[in-house]
Structures are given as C-alpha cells and as structure tokens.
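Take a look at the structure set out below.
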Amino acid sequence: MCAVAGSILSFVARGPIPWVAVKITAAQLAPYLAATVGITFVVAHIFSRLAQNKMAREPQEKYEGVPLNLQAGWEACNVRNSIGYAVVAIGGAALSTAILVARIGLIRL
C-alpha cells in the first residue's frame, strides 16, 4: 500500500506535466510526511488500545476460528491497520493535491 502511495506521490511531484516546469523535491515533502507518520502512530495506538480494552471487557465472537481470548488483540490490530490505510488514502490524496497546486505555483511547500 505504501509503495503504491509513494509511487503516486513521486510521479505527481516529479512527473512531466506539459504546462508546469516546477518539480517538488523529497526535502520539501519530508516534513509533511514525518508529521503525518507521527500523528498517525499516536492516533492508531490510542484507538487500538481503546478497541482492545473494550473487547477484553466485553468479549464477543467477532473473528471466526480465533480463540475468544485472542480476539481483543486481533481487534486492536484490525483498528490499527484500518487507521493506517485510511491515512494513506486520505493523506495521499491531500498531499497529491497540495503537490499539484504547489507545482502550478499557487502555494509553497
């Protein structure tokens, strides 16, 4: 997932656009990517712990074939992964838009 997002971002930042000569460098994108990673890590950790604690307090059969005592951990992993995928999709779209706008010259990165 991240390789696909990285490929898309690199093409948007450096790829040929007929009417735009400006190219965005990795150094210009690094602060935005680092901040997103840090925020995502904290948010995913908090929400996965909340989901794990809720599932541990109120056990329920959610994942077929997984022992009930392990399902809280599975739920935490599922929440963490879902948040990561959502951030990659939404953040990638937002950053791609910002890159295009910056390449046109309407904003600076």
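Identifiers for the structure tokens are assigned positionally: chains receive A, B, ... in sequence, residues are indexed from 1 per chain, and ligands are indexed from 1 in the order shown.
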
> Got a sec: who's within 10 Å of Gln60 of chain A, counting only C-alpha atoms, leaving out chain neighbours fewer than 4 positions off, as JSON, numbers by chain?
Replying inline: {"A": [55, 56, 68, 69, 71, 72]}

Write the selection just made, keeping N, CA and C atoms, as a PDB file, in the first residue's frame?
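Produced file selection.pdb, reproduced below:
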```pdb
ATOM      1  N   MET A  55     -12.886  -4.779  23.912  1.00  0.00           N
ATOM      2  CA  MET A  55     -13.093  -6.188  23.563  1.00  0.00           C
ATOM      3  C   MET A  55     -12.703  -7.103  24.722  1.00  0.00           C
ATOM      4  N   ALA A  56     -11.695  -6.713  25.496  1.00  0.00           N
ATOM      5  CA  ALA A  56     -11.287  -7.522  26.645  1.00  0.00           C
ATOM      6  C   ALA A  56     -12.345  -7.468  27.754  1.00  0.00           C
ATOM      7  N   LEU A  68     -11.449 -16.949  21.694  1.00  0.00           N
ATOM      8  CA  LEU A  68     -12.038 -15.747  22.285  1.00  0.00           C
ATOM      9  C   LEU A  68     -11.008 -14.920  23.059  1.00  0.00           C
ATOM     10  N   ASN A  69     -10.052 -15.591  23.721  1.00  0.00           N
ATOM     11  CA  ASN A  69      -9.059 -14.842  24.499  1.00  0.00           C
ATOM     12  C   ASN A  69      -8.056 -14.090  23.621  1.00  0.00           C
ATOM     13  N   GLN A  71      -9.097 -12.578  20.629  1.00  0.00           N
ATOM     14  CA  GLN A  71      -9.826 -11.679  19.747  1.00  0.00           C
ATOM     15  C   GLN A  71      -9.606 -10.201  20.070  1.00  0.00           C
ATOM     16  N   ALA A  72      -9.316  -9.856  21.315  1.00  0.00           N
ATOM     17  CA  ALA A  72      -9.046  -8.456  21.658  1.00  0.00           C
ATOM     18  C   ALA A  72      -7.789  -7.966  20.934  1.00  0.00           C
TER      19      ALA A  72
END
```

> Neighbours of Ile104 of chain A within 12 Å (only C-alpha atoms; same-chain residues fewer than 2 positions away dropped), as a ChimeraX atom specification?
Replying inline: /A:12-13,17-24,97-102,106-109

Could you write those residues out with N, CA and C atoms, as a compact mmCIF listing (two decimals), in the first residue's frame?
```txt
# COMPACT_ATOMS: atom_id res chain seq x y z
N VAL A 12 3.54 12.46 -9.09
CA VAL A 12 2.88 13.77 -9.02
C VAL A 12 3.92 14.86 -8.76
N ALA A 13 4.92 14.57 -7.93
CA ALA A 13 5.92 15.58 -7.58
C ALA A 13 6.95 15.81 -8.69
N ILE A 17 4.50 17.35 -16.50
CA ILE A 17 3.22 17.98 -16.74
C ILE A 17 3.49 19.02 -17.81
N PRO A 18 2.81 18.97 -18.94
CA PRO A 18 3.16 19.81 -20.09
C PRO A 18 3.28 21.29 -19.79
N TRP A 19 2.46 21.85 -18.99
CA TRP A 19 2.46 23.29 -18.78
C TRP A 19 3.12 23.71 -17.47
N VAL A 20 3.82 22.76 -16.78
CA VAL A 20 4.46 23.07 -15.49
C VAL A 20 5.90 22.58 -15.52
N ALA A 21 6.82 23.48 -15.21
CA ALA A 21 8.24 23.12 -15.20
C ALA A 21 8.75 22.85 -13.78
N VAL A 22 8.04 23.32 -12.76
CA VAL A 22 8.49 23.19 -11.37
C VAL A 22 8.36 21.74 -10.92
N LYS A 23 9.40 21.24 -10.24
CA LYS A 23 9.35 19.90 -9.66
C LYS A 23 9.55 20.02 -8.16
N ILE A 24 8.86 19.17 -7.42
CA ILE A 24 8.93 19.18 -5.96
C ILE A 24 9.97 18.16 -5.53
N THR A 97 -2.80 16.59 -4.01
CA THR A 97 -3.44 17.84 -4.40
C THR A 97 -2.54 19.03 -4.06
N ALA A 98 -1.96 19.02 -2.86
CA ALA A 98 -1.06 20.11 -2.47
C ALA A 98 0.16 20.18 -3.38
N ILE A 99 0.69 19.02 -3.76
CA ILE A 99 1.85 19.00 -4.67
C ILE A 99 1.49 19.62 -6.02
N LEU A 100 0.36 19.22 -6.56
CA LEU A 100 -0.06 19.78 -7.85
C LEU A 100 -0.26 21.29 -7.77
N VAL A 101 -0.89 21.74 -6.69
CA VAL A 101 -1.12 23.18 -6.51
C VAL A 101 0.22 23.90 -6.36
N ALA A 102 1.16 23.30 -5.65
CA ALA A 102 2.49 23.90 -5.49
C ALA A 102 3.25 23.92 -6.82
N LEU A 106 0.61 28.12 -6.95
CA LEU A 106 -0.38 28.80 -6.12
C LEU A 106 0.00 28.78 -4.63
N ILE A 107 0.77 27.77 -4.19
CA ILE A 107 1.25 27.71 -2.81
C ILE A 107 2.70 27.28 -2.81
N ARG A 108 3.34 27.39 -1.64
CA ARG A 108 4.72 26.92 -1.48
C ARG A 108 4.73 25.77 -0.48
N LEU A 109 5.51 24.76 -0.77
CA LEU A 109 5.68 23.64 0.18
C LEU A 109 6.97 23.81 0.92
```

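Atom pair atom CA of Gly84 of chain A / atom CA of Thr40 of chain A has a distance of 6.9 Å (rounded to one decimal).
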
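Nearest residue to Val87 of chain A among A:Ala30, A:Ala44, A:Leu9, A:Ala51 is A:Ala44, counting only C-alpha atoms.
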
> Do you have the atom CA of Phe47 of chain A-atom CA of Val88 of chain A distance handy?
Replying inline: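 Between atom CA of Phe47 of chain A and atom CA of Val88 of chain A the gap works out to 16.8 Å.
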
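Of the residues under consideration (A:Phe41, A:Ala3, A:Ala26, A:Pro16), A:Phe41 shows the shortest atom-to-atom contact distance to Asn81 of chain A when counting only C-alpha atoms.
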
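Nearest residue to Ser10 of chain A, choosing from A:Arg103, A:Tyr32, A:Ser96, A:Asn53 and counting only C-alpha atoms: A:Ser96.
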